[in-house]
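Written out below as structure tokens is the structure these notes cover.
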Amino acid sequence: MRSHVRVAVIGGGVVGASVLYHLTKLGWSDVMLIERSELTSGSTWHAAGGFHTLNADTNMAALQGYTIRLYRELEALTGLSCGLHHVGGLTLASDRDRLDFLRAERAKHRVMGLETEIVGPEEIARLSPITDTTGVLAALYDPLDGHLDPSGTTQAYAAAARAAGAEIVLRTPVLETRPRADGSWDVVTHAGTVVAEHVVNAAGLWAREVGRLAGVELPLHPVEHQYLVTEETPEVYERDAELPHVMDPEGESYLRQEGRGLVIGFYEQDMDLWAVDGTPSGFGHELLPDNLDRIGESLALAFRRYPVLERAGIKRVINGPFTFAPDGNPLIGPVPGLRNYWSACGVMAGFSQGGGVGLALAQWMVEGEPERDVFAMDVARFGDWASPAYTRAKVRENYQRRFSVSYPNEELPAARRLNTTPAYGIWDAQRAVFGVAYGMEAVNYFAEAGRPRHETPSFRRSDAWEAIGAECRAVREAVGINEIHNFGKYLVTGPRARDWLDRIMAGRIPPPGRLALNPMLSPKGRIIGDFTVSCLPGEGPERFMLTASFGAQAFHMRWFEAHLEAGVAVENVSTRRLGFQIAGPRARELLGRVARGDVSSAALPFLGVAEREIGLARALVQRVSYTGDLGYEIYVAPEEQVGLYHALAEAGADLGLRPFGMRAMMSLRLEKGFGSWMREFRPDYMPAETGLDRFTAYAKAADFIGKAAALDERARGPARRLCTFHVAAEDADAHGDEPIFAGEAVVGAVTSGGYAHWAETSVAIGFLPVGLIAEGREVAIEILGQRRPAVLRSRPLFDPDAERLRG
């Protein structure tokens with residue numbers, strides 16, 4: 001066993017083997033995999049081995065497609081068989097909502113170039129004669145779906161890595177991981193200590209325990225999962241071709257052929273968490289006791305969907321554990337708060353995602369960033385609030401919803417009210433309907449009298465549509481109030497604060513009393529932050545407040561800490577600076593009633609920052625509003641938030657002051673064509689193509705991160721740009737990832753959309769090739785299987801000359 005390596009990968013399942021292989025593929029051969037038992041011990045060996053591309057996140061789906069295509073390459077490279085069966089797959093829809101979901105997924109696949117299609121009952125029966133199509137409306141057919149040999153595939157990854165110089169050490173549990181002063185790690189085993197520049201936790205069922213060796217609590221938990229293998233069945237083996245996979249969401253089951261019999265597995269409601277107090281150290285190649293009672297209801301549904309099962313004897317029951325993260329996606333990337341410690345765990349669909357996880361993580365380590373946005377898998381999407389209790393509640397919910405429809409407006413109930421602000425009770429008394437972001441409750445909208453305090457999930461315009469419209473009109477016609485806790489906020493201080501910000505941010509750093517919009521870029525020029533940078537007023541050393549997406553706190557703090565310099569301090573104050581924004585034509589009048597001091601446009605101009613007494617509180621006031629209207633953000637200490645609200649509410653009673661939520665906010669920003677983080681601005685995109693070039697200070701002296709790449713993009717000219725479209729929609733609007741057609745060709749994709757209530761127009765924002773961009777350009781956007789006419793418009797629907805915003 002080597003004493004020094006560049007990377008030590010802990011865990012010899014399919015994910016650890018994939019990470020090891022991809023590191024060697026990208027040129028790092030001085031790498032080692034350390035496995036406590038044998039390769040495939042844990043979840044890999046008993047996996048059902050199915051793979052598919054279906055995923056609600058397009059980048060996840062693309063990485064799953066990469067994983068599936070990689071298997072042929074591995075076989076050719078090693079001469080080993082992965083046991084591939086590309087048989088295709090059908091996902092059934094038995095109601096309109098499920099069919100809407102599959103149509104939306106099919107639309108995304110058009111953008112990605114995947115050859116899936118919606119097929120009817122007759123075609124389903126032709127492809128899978130053992131499937132009873134009673135009650136089935138249609139299915140999504142994916143020719144890439146299939147299954148493989150889990151052990152053979154893992155061994156192929158390992159063989160390819162060994163051939164490139166990697167070392168694999170078996171039967172050697174890791175006992176300690178100790179950080180060293182230079183950022184490397186001592187990885188302690190009974191066979192000796194390995195000094196590793198980087199550590200990758202790919203320990204699967206033991207990832208919690210391995211994480212705790214480094215002082216980190218990873219949000220994942222093992223779950224029992226059960227599937228059945230049948231005896232040989234004539235309806236299966238008396239065929240010329242292998243049966244396709246069939247997923248029946250209504251029955252919470254998946255089915256595929258296994259030799260001359262069948263495999264059927266279940267994601268049942270009566271599920272069991274496993275190893276709540278820790279994964280046993282001696283566990284490895286064991287199975288858990290059968291529990292057929294747990295799947296009784298699902299099995300009865302399966303007998304109706306696949307009558308052949310009534311005649312097929314059960315040969316074997318497989319009940320084994322595998323791990324889930326709270327949202328079901330993997331946990332990969334640099335672990336916040338630790339140097340050179342990486343996560344590659346929580347990959348519950350290892351044979352669909354393992355290759356893509358290995359590729360993305362290896363790119364991140366070797367090249368500094370993955371080639372595509374992987375935030376949906378990033379371990380930094382969770383913060384310290386994701387406790388073990390929270391994780392257990394969400395893992396249970398996610399497992400039970402494995403085959404449920406994912407709606408664009410859905411808010412899930414498990415582990416709610418974990419974090420609230422002091423204003424929560426105020427909103428609750430006004431019939432707020434809450435959502436959640438990064439563990440924090442936030443108002444989505446306010447239910448009207450006599451209506452339920454719950455938004456029915458839908459791909460179409462929901463039962464909250466009228467209430468949201470009323471809130472939008474209140475902002476545009478009078479004045480609205482909205483809580484601003486759902487911004488991430490960071491205080492930057494120190495003698496080198498300005499110089500550091502000039503290097504971290506791509507835009508201009510403002511003078512005292514002013515704010516500026518700022519992109520933050522990766523070294524490759526990709527957008528990793530959409531910030532407001534405020535230089536705070538006052539005497540003494542300069543102080544800055546940064547605001548960005550609330551859900552990106554760990555993501556952004558990880559970046560700040562990785563690039564911190566002497567003479568600079570960065571503090572996350574997201575929940576220590578709360579308050580409200582007020583917006584609308586009467587916002588200045590309202591502010592003037594409660595503020596001590598001048599709030600005229602001359603004293604507090606657009607993009608101005610000032611300290612004012614508001615009611616009884618000392619507040620920071622910023623003249624900016626994401627609604628695109630005249631507006632102000634007012635920040636106070638948490639203990640002063642309730643008092644601030646009452647001061648504003650009493651002063652605004654005769655001005656038509658009305659609270660509004662995030663649903664209205666997102667509608668209002670569409671009327672201005674404002675982009676949104678992780679929609680228009682994300683690590684897949686660069687400044688010029690998104691319009692953030694107008695906030696990028698290309699000429700500033702500072703050599704900001706990503707400057708060379710951003711200059712190159714500007715010099716070459718982007719191939720595409722974001723545009724705003726007015727859509728002739730009916731009862732459903734674009735949400736994101738819908739294809740944009742010019743004639744019969746897919747020429748672009750929607751990044752976000754919705755209904756602009758004040759303008760009474762359906763709106764979509766999306767990319768179009770620059771050669772097609774022209775005022776009035778007619779295109780079509782596919783919404784739930786129908787191509788809706790859309791027209792490109794370059795001027796905002798609201799306040800096109802920014803007279804209200806700046807006046």
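Chain labels A, B, ... are given in the sequence in which chains occur in the structure tokens; within each chain residues are numbered consecutively from 1, and ligands are likewise numbered from 1 in the order shown.
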>> Set the distance at 8 Å and use only C-alpha atoms: which residues neighbour stretch 330-343 of chain A once local chain neighbours fewer than 2 positions away are removed? I'd like the list as a list in words.
In response: Gly183, Ser184, Glu197, His198, Val199, Val200, Asn201, Ala202, Phe324, Ala325, Gly328, Cys345, Gly346, Val347, Met348, Val357, Leu361, Trp364, Met377, Asp378, Val379, Ala380, Ala554, Phe555, Met557 and Arg558 of chain A
Got a sec: who's within 9 Å of stretch 616-623 of chain A, counting only C-alpha atoms, leaving out chain neighbours fewer than 6 positions off, as a PDB file with C-alpha atoms, in the first residue's frame?
```
ATOM      1  CA  ARG A 514     -24.235  52.817  -3.461  1.00  0.00           C
ATOM      2  CA  LEU A 515     -24.905  49.303  -4.695  1.00  0.00           C
ATOM      3  CA  SER A 534     -23.551  47.261  -1.444  1.00  0.00           C
ATOM      4  CA  LEU A 536     -22.369  50.459   3.343  1.00  0.00           C
ATOM      5  CA  GLY A 579     -36.764  42.841   7.033  1.00  0.00           C
ATOM      6  CA  LEU A 604     -31.969  58.158  -1.848  1.00  0.00           C
ATOM      7  CA  PRO A 605     -31.556  57.596  -5.583  1.00  0.00           C
ATOM      8  CA  PHE A 606     -31.965  54.358  -7.501  1.00  0.00           C
ATOM      9  CA  LEU A 607     -29.220  51.924  -6.365  1.00  0.00           C
ATOM     10  CA  GLY A 608     -28.623  54.067  -3.305  1.00  0.00           C
ATOM     11  CA  VAL A 609     -27.894  52.674   0.171  1.00  0.00           C
ATOM     12  CA  ALA A 610     -28.615  54.614   3.369  1.00  0.00           C
ATOM     13  CA  LEU A 630     -40.252  51.717  -7.428  1.00  0.00           C
ATOM     14  CA  GLY A 631     -39.158  49.908  -4.323  1.00  0.00           C
ATOM     15  CA  TYR A 632     -36.948  49.635  -1.253  1.00  0.00           C
ATOM     16  CA  GLU A 633     -35.338  46.848   0.746  1.00  0.00           C
ATOM     17  CA  ILE A 634     -35.323  47.536   4.492  1.00  0.00           C
ATOM     18  CA  TYR A 635     -32.990  45.444   6.679  1.00  0.00           C
ATOM     19  CA  VAL A 636     -33.067  45.294  10.486  1.00  0.00           C
ATOM     20  CA  ALA A 637     -31.951  42.939  13.254  1.00  0.00           C
ATOM     21  CA  GLU A 640     -36.728  44.352  15.376  1.00  0.00           C
ATOM     22  CA  GLN A 641     -38.522  42.722  12.450  1.00  0.00           C
ATOM     23  CA  GLY A 643     -41.869  46.080  15.154  1.00  0.00           C
ATOM     24  CA  LEU A 644     -40.786  47.184  11.672  1.00  0.00           C
ATOM     25  CA  ALA A 647     -44.795  50.460  11.693  1.00  0.00           C
TER      26      ALA A 647
END
```
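You can rank A:Phe351, A:Tyr227, A:Tyr755, A:Tyr306 by their closest distance to A:Asp149 using only C-alpha atoms, and at the top of that list sits A:Phe351.
For the pair atom CA of A:Leu772 and atom CA of A:Lys524, the interatomic distance is 26.6 Å.
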> Using only C-alpha atoms, which residues sit within 7 Å of A:Ile468 once same-chain residues fewer than 4 positions away are excluded, as a PyMOL selection string?
Replying inline: chain A and resi 445+464+472+663-664
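The space between atom CA of A:Leu491 and atom CA of A:Ala697 spans 22.2 Å.
Listed by chain and then by rising number, the residues of stretch 102-154 of chain A that DSSP assigns to helix (DSSP H, G or I) from the backbone are Leu102, Arg103, Ala104, Glu105, Arg106, Ala107, Lys108, His109, Arg110, Val111, Met112, Pro121, Glu122, Glu123, Ile124, Ala125, Arg126, Leu127, Pro150, Ser151, Gly152, Thr153 and Thr154 of chain A.
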Any chance you could export the current selection's N, CA and C atoms as a short mmCIF file (atom, residue, chain, number, x, y, z; two decimals), in the first residue's frame?
```
data_model
loop_
_atom_site.label_atom_id
_atom_site.label_comp_id
_atom_site.auth_asym_id
_atom_site.auth_seq_id
_atom_site.Cartn_x
_atom_site.Cartn_y
_atom_site.Cartn_z
N LEU A 102 -45.24 13.27 -18.19
CA LEU A 102 -44.46 12.59 -19.23
C LEU A 102 -44.32 13.46 -20.48
N ARG A 103 -45.35 14.23 -20.80
CA ARG A 103 -45.24 15.15 -21.94
C ARG A 103 -44.18 16.22 -21.67
N ALA A 104 -44.17 16.72 -20.43
CA ALA A 104 -43.16 17.72 -20.08
C ALA A 104 -41.76 17.11 -20.15
N GLU A 105 -41.60 15.87 -19.70
CA GLU A 105 -40.30 15.20 -19.78
C GLU A 105 -39.91 14.96 -21.23
N ARG A 106 -40.88 14.55 -22.05
CA ARG A 106 -40.59 14.34 -23.48
C ARG A 106 -40.13 15.64 -24.13
N ALA A 107 -40.72 16.75 -23.74
CA ALA A 107 -40.30 18.03 -24.29
C ALA A 107 -38.85 18.34 -23.93
N LYS A 108 -38.47 18.07 -22.67
CA LYS A 108 -37.08 18.26 -22.27
C LYS A 108 -36.14 17.39 -23.11
N HIS A 109 -36.58 16.17 -23.38
CA HIS A 109 -35.74 15.26 -24.16
C HIS A 109 -35.51 15.77 -25.57
N ARG A 110 -36.49 16.48 -26.13
CA ARG A 110 -36.28 17.10 -27.45
C ARG A 110 -35.09 18.05 -27.40
N VAL A 111 -35.02 18.85 -26.33
CA VAL A 111 -33.92 19.80 -26.18
C VAL A 111 -32.59 19.07 -26.06
N MET A 112 -32.60 17.93 -25.35
CA MET A 112 -31.38 17.20 -25.07
C MET A 112 -30.97 16.27 -26.21
N PRO A 121 -51.77 2.90 -25.78
CA PRO A 121 -51.97 1.55 -25.23
C PRO A 121 -51.66 0.42 -26.20
N GLU A 122 -52.00 0.59 -27.48
CA GLU A 122 -51.74 -0.49 -28.45
C GLU A 122 -50.25 -0.75 -28.59
N GLU A 123 -49.46 0.32 -28.65
CA GLU A 123 -48.01 0.16 -28.77
C GLU A 123 -47.41 -0.39 -27.48
N ILE A 124 -47.96 0.01 -26.34
CA ILE A 124 -47.50 -0.55 -25.06
C ILE A 124 -47.70 -2.05 -25.06
N ALA A 125 -48.90 -2.49 -25.49
CA ALA A 125 -49.19 -3.92 -25.51
C ALA A 125 -48.31 -4.66 -26.50
N ARG A 126 -47.95 -4.03 -27.61
CA ARG A 126 -47.06 -4.68 -28.58
C ARG A 126 -45.66 -4.84 -28.02
N LEU A 127 -45.17 -3.79 -27.34
CA LEU A 127 -43.82 -3.84 -26.79
C LEU A 127 -43.74 -4.75 -25.58
N PRO A 150 -24.43 -5.83 -11.98
CA PRO A 150 -23.77 -4.89 -11.07
C PRO A 150 -22.33 -5.26 -10.74
N SER A 151 -22.08 -6.53 -10.47
CA SER A 151 -20.72 -6.93 -10.11
C SER A 151 -19.77 -6.78 -11.29
N GLY A 152 -20.19 -7.24 -12.47
CA GLY A 152 -19.33 -7.15 -13.64
C GLY A 152 -19.01 -5.71 -14.01
N THR A 153 -19.99 -4.82 -13.86
CA THR A 153 -19.78 -3.41 -14.19
C THR A 153 -18.78 -2.78 -13.23
N THR A 154 -18.93 -3.05 -11.93
CA THR A 154 -17.99 -2.50 -10.95
C THR A 154 -16.58 -3.01 -11.21
#
```
>> Can you pull out every residue from stretch 478-601 of chain A that DSSP, working from the backbone, puts in strand (DSSP E or B), and format the result as a VMD selection string?
In response: chain A and resid 479 to 483 487 to 493 505 514 to 521 527 to 535 544 to 549 569 to 572 578 to 583 595 to 596
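Take the candidates A:Ala715, A:Val405, A:Ala241, A:Leu99 and check each one against A:Val87 using only C-alpha atoms; the shortest distance goes to A:Ala241.
Shell of A:Val433 at 8 Å, with only C-alpha atoms counted and residues fewer than 6 places along the chain excluded, is Val443, Asn444, Tyr445, Phe446, Ala447, Arg453, His454 and Glu455 of chain A.
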> When you draw a straight line from atom CA of A:Gln269 to atom CA of A:Gln400, how long is it in Å?
Replying inline: 5.1 Å
Can you list, as a JSON list (two decimals) with N, CA and C atoms, in the first residue's frame, every protein, DNA or RNA residue that comes within 6 Å of A:Thr67 when you count only C-alpha atoms, leaving out same-chain residues fewer than 2 positions away?
```json
[["chain", "number", "residue", "atom", "x", "y", "z"],
["A", 64, "GLN", "N", -26.89, 10.87, -16.76],
["A", 64, "GLN", "CA", -27.36, 9.49, -16.80],
["A", 64, "GLN", "C", -27.19, 8.92, -18.21],
["A", 65, "GLY", "N", -27.46, 9.73, -19.23],
["A", 65, "GLY", "CA", -27.20, 9.28, -20.59],
["A", 65, "GLY", "C", -25.74, 8.98, -20.82],
["A", 69, "ARG", "N", -24.07, 5.26, -21.92],
["A", 69, "ARG", "CA", -23.20, 5.12, -23.11],
["A", 69, "ARG", "C", -21.79, 4.65, -22.72],
["A", 70, "LEU", "N", -21.38, 4.94, -21.49],
["A", 70, "LEU", "CA", -20.03, 4.60, -21.05],
["A", 70, "LEU", "C", -19.81, 3.09, -20.96],
["A", 355, "GLY", "N", -21.67, 6.62, -13.41],
["A", 355, "GLY", "CA", -20.69, 7.12, -14.38],
["A", 355, "GLY", "C", -20.66, 8.63, -14.44],
["A", 356, "GLY", "N", -21.84, 9.25, -14.46],
["A", 356, "GLY", "CA", -21.91, 10.71, -14.49],
["A", 356, "GLY", "C", -21.39, 11.34, -13.22]]
```
> Using only C-alpha atoms, which of the listed residues (A:Asn518, A:Ser676, A:Ser41, A:Gln257) sits closest to A:His86?
Replying inline: A:Gln257
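Across A:Lys394, A:His485, A:Arg96, A:Lys707, the tightest approach to A:Tyr424 is made by A:His485 when counting only C-alpha atoms.
The smallest atom-to-atom distance between A:Gly259 and any of A:Leu148, A:Ile705, A:Val194, A:Val210, using only C-alpha atoms, is found for A:Leu148.
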> Any idea what's packed within 9 Å of stretch 716-720 of chain A, counting only C-alpha atoms, ignoring anything in its chain fewer than 6 positions away? Could you give it as a ChimeraX atom specification?
Replying inline: /A:686,688-690,748,767-771,773
